[in-house]
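Shown next: work33.pdb, containing PDB, C-alpha atoms.
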```pdb
ATOM      1  CA  MET A   1       0.000   0.000   0.000
ATOM      2  CA  GLY A   2       2.848   2.413   0.713
ATOM      3  CA  GLU A   3       3.249   5.412   2.935
ATOM      4  CA  THR A   4       0.460   8.021   3.070
ATOM      5  CA  ASP A   5       1.955  10.737   5.278
ATOM      6  CA  PHE A   6       5.174  12.525   4.395
ATOM      7  CA  SER A   7       4.480  15.572   6.560
ATOM      8  CA  SER A   8       7.675  17.069   7.990
ATOM      9  CA  CYS A   9       9.660  14.302   6.269
ATOM     10  CA  PHE A  10      12.681  16.505   5.501
ATOM     11  CA  TYR A  11      11.747  19.330   7.864
ATOM     12  CA  TYR A  12      14.684  21.544   8.830
ATOM     13  CA  CYS A  13      17.233  19.703   6.671
ATOM     14  CA  THR A  14      19.236  22.878   6.203
ATOM     15  CA  SER A  15      22.065  21.166   4.278
ATOM     16  CA  LEU A  16      19.770  19.536   1.709
ATOM     17  CA  THR A  17      20.552  21.132  -1.675
ATOM     18  CA  SER A  18      18.585  18.921  -4.097
ATOM     19  CA  ILE A  19      15.719  16.450  -4.377
ATOM     20  CA  PRO A  20      16.191  13.377  -6.561
ATOM     21  CA  GLU A  21      13.820  13.019  -9.499
ATOM     22  CA  GLY A  22      11.155  10.396  -8.893
ATOM     23  CA  LEU A  23      11.564  10.497  -5.103
ATOM     24  CA  PHE A  24       7.846   9.941  -4.456
ATOM     25  CA  ASP A  25       6.950   8.004  -7.626
ATOM     26  CA  ASN A  26       6.231   4.749  -5.810
ATOM     27  CA  ASN A  27       3.929   6.319  -3.229
ATOM     28  CA  PRO A  28       0.632   6.941  -5.061
ATOM     29  CA  ASN A  29      -1.446   6.898  -1.859
ATOM     30  CA  VAL A  30       0.241   9.872  -0.170
ATOM     31  CA  THR A  31      -2.249  12.398   1.146
ATOM     32  CA  ASN A  32      -0.033  14.716   3.173
ATOM     33  CA  PHE A  33       3.125  16.598   2.179
ATOM     34  CA  GLY A  34       2.609  19.355   4.770
ATOM     35  CA  SER A  35       5.970  20.845   5.847
ATOM     36  CA  CYS A  36       7.765  18.120   3.881
ATOM     37  CA  PHE A  37      10.658  20.417   2.878
ATOM     38  CA  ASN A  38       9.932  23.242   5.336
ATOM     39  CA  ILE A  39      13.061  25.197   6.329
ATOM     40  CA  CYS A  40      15.338  23.396   3.877
ATOM     41  CA  THR A  41      17.203  26.654   3.476
ATOM     42  CA  SER A  42      19.842  25.303   1.056
ATOM     43  CA  LEU A  43      17.384  23.580  -1.295
ATOM     44  CA  GLU A  44      17.929  25.113  -4.738
ATOM     45  CA  LEU A  45      15.740  23.167  -7.129
ATOM     46  CA  ILE A  46      12.387  21.385  -7.207
ATOM     47  CA  PRO A  47      12.452  18.640  -9.846
ATOM     48  CA  THR A  48       9.826  18.736 -12.567
ATOM     49  CA  GLY A  49       7.187  16.071 -11.960
ATOM     50  CA  LEU A  50       8.071  15.616  -8.281
ATOM     51  CA  PHE A  51       4.427  14.973  -7.324
ATOM     52  CA  ASP A  52       3.148  13.529 -10.625
ATOM     53  CA  ASN A  53       2.423  10.083  -9.150
ATOM     54  CA  ASN A  54       0.673  11.368  -6.035
ATOM     55  CA  PRO A  55      -2.925  12.056  -7.140
ATOM     56  CA  ASN A  56      -4.451  11.646  -3.655
ATOM     57  CA  VAL A  57      -2.597  14.503  -1.948
ATOM     58  CA  THR A  58      -4.820  16.912  -0.058
ATOM     59  CA  ASP A  59      -2.228  18.863   1.951
ATOM     60  CA  PHE A  60       0.786  20.831   0.697
ATOM     61  CA  SER A  61       0.702  23.388   3.525
ATOM     62  CA  ARG A  62       4.179  24.786   4.280
ATOM     63  CA  CYS A  63       5.666  22.166   1.924
ATOM     64  CA  PHE A  64       8.470  24.471   0.711
ATOM     65  CA  SER A  65       8.119  27.244   3.287
ATOM     66  CA  SER A  66      11.388  29.044   4.102
ATOM     67  CA  CYS A  67      13.294  27.370   1.268
ATOM     68  CA  LYS A  68      15.308  30.521   0.781
ATOM     69  CA  ALA A  69      17.533  29.239  -2.062
ATOM     70  CA  ILE A  70      14.739  28.221  -4.458
ATOM     71  CA  THR A  71      14.557  30.693  -7.353
ATOM     72  CA  SER A  72      11.837  29.068  -9.480
ATOM     73  CA  ILE A  73       8.957  26.602  -9.409
ATOM     74  CA  PRO A  74       8.644  24.042 -12.214
ATOM     75  CA  GLN A  75       5.711  24.452 -14.581
ATOM     76  CA  GLY A  76       2.920  21.987 -13.774
ATOM     77  CA  LEU A  77       4.284  21.027 -10.343
ATOM     78  CA  PHE A  78       0.781  20.321  -8.989
ATOM     79  CA  ASP A  79      -0.990  19.354 -12.238
ATOM     80  CA  ASN A  80      -1.574  15.746 -11.135
ATOM     81  CA  ASN A  81      -2.828  16.640  -7.665
ATOM     82  CA  PRO A  82      -6.518  17.490  -8.171
ATOM     83  CA  ASN A  83      -7.611  16.732  -4.576
ATOM     84  CA  VAL A  84      -5.504  19.343  -2.770
ATOM     85  CA  THR A  85      -7.457  21.429  -0.290
ATOM     86  CA  ASP A  86      -4.570  23.129   1.526
ATOM     87  CA  PHE A  87      -1.727  25.085  -0.073
ATOM     88  CA  SER A  88      -1.432  27.484   2.865
ATOM     89  CA  SER A  89       2.063  28.959   3.192
ATOM     90  CA  CYS A  90       3.358  26.456   0.639
ATOM     91  CA  PHE A  91       6.068  28.872  -0.576
ATOM     92  CA  SER A  92       6.045  31.300   2.347
ATOM     93  CA  SER A  93       9.380  33.044   2.989
ATOM     94  CA  CYS A  94      10.967  31.753  -0.223
ATOM     95  CA  THR A  95      12.855  35.020  -0.507
ATOM     96  CA  SER A  96      14.852  34.104  -3.658
ATOM     97  CA  LEU A  97      11.790  33.057  -5.648
ATOM     98  CA  THR A  98      11.649  35.320  -8.706
ATOM     99  CA  SER A  99       8.702  33.904 -10.641
ATOM    100  CA  ILE A 100       5.643  31.712 -10.304
ATOM    101  CA  PRO A 101       4.443  29.636 -13.265
ATOM    102  CA  GLU A 102       1.100  30.605 -14.714
ATOM    103  CA  GLY A 103      -1.684  28.261 -13.628
ATOM    104  CA  LEU A 104       0.342  26.761 -10.766
ATOM    105  CA  PHE A 105      -2.755  26.112  -8.660
ATOM    106  CA  ASP A 106      -5.218  25.393 -11.483
TER
END
```

Using structure tokens, write down the structure that the file contains.
Amino acid sequence: MGETDFSSCFYYCTSLTSIPEGLFDNNPNVTNFGSCFNICTSLELIPTGLFDNNPNVTDFSRCFSSCKAITSIPQGLFDNNPNVTDFSSCFSSCTSLTSIPEGLFD
């Protein structure tokens, strides 16, 4: 069945600089990514398609909050997550973020 809750999974991993592509591909039943990468202050890049195989997610609150090194968000990051009800503070305090893709939360 796989894991369903990845909340605070990498919380406060201040030395984490990257996320491997396909990290969550084998976890289609995940419902919670709240604070998953919160305060990963050295994280520079979010891989395209990171959440593509997680259609049951409902919570991305504070997922990338305070990721101060992220400069961009990949187009279509949440396209395969139609059940999300909480994006609160998802990118809060991402002070290096320079653009947001059009339709990010469509």

Up to 9 Å from (20.7, 20.8, 5.0) in the file's coordinates: name the residues, counting all atoms listed in the file, as a list in words. Tyr12, Cys13, Thr14, Ser15, Leu16, Thr17, Ile39, Cys40, Thr41, Ser42 and Leu43 of chain A

Include C-alpha atoms and write out the residues we just selected as a short mmCIF file (atom, residue, chain, number, x, y, z; two decimals), keeping the file's coordinate frame.
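result23.cif was written with the following content:
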```cif
data_model
loop_
_atom_site.label_atom_id
_atom_site.label_comp_id
_atom_site.auth_asym_id
_atom_site.auth_seq_id
_atom_site.Cartn_x
_atom_site.Cartn_y
_atom_site.Cartn_z
CA TYR A 12 14.68 21.54 8.83
CA CYS A 13 17.23 19.70 6.67
CA THR A 14 19.24 22.88 6.20
CA SER A 15 22.06 21.17 4.28
CA LEU A 16 19.77 19.54 1.71
CA THR A 17 20.55 21.13 -1.68
CA ILE A 39 13.06 25.20 6.33
CA CYS A 40 15.34 23.40 3.88
CA THR A 41 17.20 26.65 3.48
CA SER A 42 19.84 25.30 1.06
CA LEU A 43 17.38 23.58 -1.30
#
```

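Matched in the shown structure by the PyMOL selection byres ((chain A and resi 68) around 12): Thr14, Leu16, Thr17, Phe37, Asn38, Ile39, Cys40, Thr41, Ser42, Leu43, Glu44, Leu45, Phe64, Ser65, Ser66, Cys67, Ala69, Ile70, Thr71, Ser72, Phe91, Ser92, Ser93, Cys94, Thr95, Ser96, Leu97 and Thr98 of chain A.
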
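Contact shell of A:Asp86 at 8 Å (all atoms listed in the file; same-chain neighbours under 2 positions omitted): Thr58, Asp59, Phe60, Ser61, Val84 and Ser88 of chain A.
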
Assuming the chain letters and numbering stay as they are in my file, what does the PyMOL selection byres ((chain A and resi 29) around 12) actually select? List them as a VMD selection string. chain A and resid 1 to 6 24 to 28 30 to 33 51 to 58 81 83

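With atom CA of A:Cys63 on one side and atom CA of A:Ile46 on the other, the separation reads 11.4 Å.
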
What separates atom CA of A:Cys9 and atom CA of A:Glu102 is a distance of 27.9 Å

Place a sphere of radius 8 Å on (4.0, 15.2, -16.4) in the file coordinates and name every protein, DNA or RNA residue with an atom inside or on its surface, counting all atoms listed in the file; give the answer as JSON, numbers by chain. {"A": [48, 49, 52, 76, 79, 80]}

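Distances from A:Phe10, A:Phe105, A:Leu23, A:Pro47 to A:Thr85 were compared using all atoms listed in the file, and the smallest one belongs to A:Phe105.
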
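Going from atom CA of A:Phe87 over to atom CA of A:Gly34, you cover 8.7 Å.
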
Mind filling out stretch 54-65 of chain A with all heavy atoms and sending it as a PDB file, in the coordinates of the input?
```pdb
ATOM      1  N   ASN A  54       1.314  11.241  -7.342  1.00  0.00           N
ATOM      2  CA  ASN A  54       0.673  11.368  -6.035  1.00  0.00           C
ATOM      3  C   ASN A  54      -0.694  12.048  -6.166  1.00  0.00           C
ATOM      4  O   ASN A  54      -0.910  13.120  -5.619  1.00  0.00           O
ATOM      5  CB  ASN A  54       1.577  12.146  -5.074  1.00  0.00           C
ATOM      6  CG  ASN A  54       3.002  11.653  -5.062  1.00  0.00           C
ATOM      7  OD1 ASN A  54       3.903  12.351  -5.499  1.00  0.00           O
ATOM      8  ND2 ASN A  54       3.222  10.446  -4.607  1.00  0.00           N
ATOM      9  N   PRO A  55      -1.637  11.415  -6.856  1.00  0.00           N
ATOM     10  CA  PRO A  55      -2.925  12.056  -7.140  1.00  0.00           C
ATOM     11  C   PRO A  55      -3.851  12.224  -5.941  1.00  0.00           C
ATOM     12  O   PRO A  55      -4.835  12.964  -6.021  1.00  0.00           O
ATOM     13  CB  PRO A  55      -3.557  11.107  -8.162  1.00  0.00           C
ATOM     14  CG  PRO A  55      -2.990   9.769  -7.813  1.00  0.00           C
ATOM     15  CD  PRO A  55      -1.564  10.070  -7.391  1.00  0.00           C
ATOM     16  N   ASN A  56      -3.561  11.588  -4.812  1.00  0.00           N
ATOM     17  CA  ASN A  56      -4.451  11.646  -3.655  1.00  0.00           C
ATOM     18  C   ASN A  56      -4.078  12.707  -2.624  1.00  0.00           C
ATOM     19  O   ASN A  56      -4.718  12.826  -1.583  1.00  0.00           O
ATOM     20  CB  ASN A  56      -4.506  10.275  -2.969  1.00  0.00           C
ATOM     21  CG  ASN A  56      -5.054   9.211  -3.892  1.00  0.00           C
ATOM     22  OD1 ASN A  56      -6.048   9.432  -4.569  1.00  0.00           O
ATOM     23  ND2 ASN A  56      -4.400   8.065  -3.943  1.00  0.00           N
ATOM     24  N   VAL A  57      -3.049  13.489  -2.902  1.00  0.00           N
ATOM     25  CA  VAL A  57      -2.597  14.503  -1.948  1.00  0.00           C
ATOM     26  C   VAL A  57      -3.695  15.537  -1.700  1.00  0.00           C
ATOM     27  O   VAL A  57      -4.323  16.029  -2.634  1.00  0.00           O
ATOM     28  CB  VAL A  57      -1.332  15.229  -2.454  1.00  0.00           C
ATOM     29  CG1 VAL A  57      -0.903  16.309  -1.471  1.00  0.00           C
ATOM     30  CG2 VAL A  57      -0.207  14.257  -2.686  1.00  0.00           C
ATOM     31  N   THR A  58      -3.887  15.857  -0.427  1.00  0.00           N
ATOM     32  CA  THR A  58      -4.820  16.912  -0.058  1.00  0.00           C
ATOM     33  C   THR A  58      -4.112  18.070   0.640  1.00  0.00           C
ATOM     34  O   THR A  58      -4.640  19.165   0.710  1.00  0.00           O
ATOM     35  CB  THR A  58      -5.927  16.378   0.880  1.00  0.00           C
ATOM     36  OG1 THR A  58      -5.318  15.825   2.057  1.00  0.00           O
ATOM     37  CG2 THR A  58      -6.778  15.336   0.178  1.00  0.00           C
ATOM     38  N   ASP A  59      -2.907  17.848   1.144  1.00  0.00           N
ATOM     39  CA  ASP A  59      -2.228  18.863   1.951  1.00  0.00           C
ATOM     40  C   ASP A  59      -0.789  19.109   1.491  1.00  0.00           C
ATOM     41  O   ASP A  59       0.062  18.223   1.563  1.00  0.00           O
ATOM     42  CB  ASP A  59      -2.219  18.410   3.414  1.00  0.00           C
ATOM     43  CG  ASP A  59      -1.713  19.467   4.375  1.00  0.00           C
ATOM     44  OD1 ASP A  59      -1.241  20.533   3.936  1.00  0.00           O
ATOM     45  OD2 ASP A  59      -1.780  19.227   5.593  1.00  0.00           O
ATOM     46  N   PHE A  60      -0.554  20.360   1.031  1.00  0.00           N
ATOM     47  CA  PHE A  60       0.786  20.831   0.697  1.00  0.00           C
ATOM     48  C   PHE A  60       1.134  22.046   1.562  1.00  0.00           C
ATOM     49  O   PHE A  60       2.019  22.820   1.222  1.00  0.00           O
ATOM     50  CB  PHE A  60       0.885  21.249  -0.773  1.00  0.00           C
ATOM     51  CG  PHE A  60       1.113  20.112  -1.736  1.00  0.00           C
ATOM     52  CD1 PHE A  60       0.123  19.764  -2.641  1.00  0.00           C
ATOM     53  CD2 PHE A  60       2.303  19.405  -1.760  1.00  0.00           C
ATOM     54  CE1 PHE A  60       0.320  18.738  -3.552  1.00  0.00           C
ATOM     55  CE2 PHE A  60       2.508  18.375  -2.667  1.00  0.00           C
ATOM     56  CZ  PHE A  60       1.518  18.042  -3.563  1.00  0.00           C
ATOM     57  N   SER A  61       0.446  22.220   2.681  1.00  0.00           N
ATOM     58  CA  SER A  61       0.702  23.388   3.525  1.00  0.00           C
ATOM     59  C   SER A  61       2.157  23.414   3.987  1.00  0.00           C
ATOM     60  O   SER A  61       2.708  22.388   4.381  1.00  0.00           O
ATOM     61  CB  SER A  61      -0.236  23.390   4.733  1.00  0.00           C
ATOM     62  OG  SER A  61      -0.009  22.264   5.550  1.00  0.00           O
ATOM     63  N   ARG A  62       2.788  24.555   3.867  1.00  0.00           N
ATOM     64  CA  ARG A  62       4.179  24.786   4.280  1.00  0.00           C
ATOM     65  C   ARG A  62       5.171  23.813   3.642  1.00  0.00           C
ATOM     66  O   ARG A  62       6.281  23.631   4.149  1.00  0.00           O
ATOM     67  CB  ARG A  62       4.305  24.745   5.813  1.00  0.00           C
ATOM     68  CG  ARG A  62       3.503  25.815   6.520  1.00  0.00           C
ATOM     69  CD  ARG A  62       3.445  25.614   8.020  1.00  0.00           C
ATOM     70  NE  ARG A  62       3.085  24.264   8.451  1.00  0.00           N
ATOM     71  CZ  ARG A  62       1.849  23.753   8.445  1.00  0.00           C
ATOM     72  NH1 ARG A  62       0.843  24.482   8.033  1.00  0.00           N
ATOM     73  NH2 ARG A  62       1.624  22.520   8.854  1.00  0.00           N
ATOM     74  N   CYS A  63       4.816  23.180   2.552  1.00  0.00           N
ATOM     75  CA  CYS A  63       5.666  22.166   1.924  1.00  0.00           C
ATOM     76  C   CYS A  63       7.074  22.690   1.616  1.00  0.00           C
ATOM     77  O   CYS A  63       8.054  22.023   1.890  1.00  0.00           O
ATOM     78  CB  CYS A  63       5.010  21.629   0.655  1.00  0.00           C
ATOM     79  SG  CYS A  63       5.882  20.217  -0.050  1.00  0.00           S
ATOM     80  N   PHE A  64       7.169  23.885   1.053  1.00  0.00           N
ATOM     81  CA  PHE A  64       8.470  24.471   0.711  1.00  0.00           C
ATOM     82  C   PHE A  64       8.703  25.789   1.459  1.00  0.00           C
ATOM     83  O   PHE A  64       9.530  26.595   1.061  1.00  0.00           O
ATOM     84  CB  PHE A  64       8.562  24.716  -0.796  1.00  0.00           C
ATOM     85  CG  PHE A  64       8.516  23.456  -1.614  1.00  0.00           C
ATOM     86  CD1 PHE A  64       7.346  23.071  -2.245  1.00  0.00           C
ATOM     87  CD2 PHE A  64       9.632  22.646  -1.732  1.00  0.00           C
ATOM     88  CE1 PHE A  64       7.287  21.905  -2.999  1.00  0.00           C
ATOM     89  CE2 PHE A  64       9.583  21.469  -2.478  1.00  0.00           C
ATOM     90  CZ  PHE A  64       8.411  21.102  -3.110  1.00  0.00           C
ATOM     91  N   SER A  65       7.996  26.006   2.522  1.00  0.00           N
ATOM     92  CA  SER A  65       8.119  27.244   3.287  1.00  0.00           C
ATOM     93  C   SER A  65       9.553  27.443   3.773  1.00  0.00           C
ATOM     94  O   SER A  65      10.209  26.496   4.217  1.00  0.00           O
ATOM     95  CB  SER A  65       7.167  27.197   4.482  1.00  0.00           C
ATOM     96  OG  SER A  65       7.235  28.390   5.217  1.00  0.00           O
TER      97      SER A  65
END
```
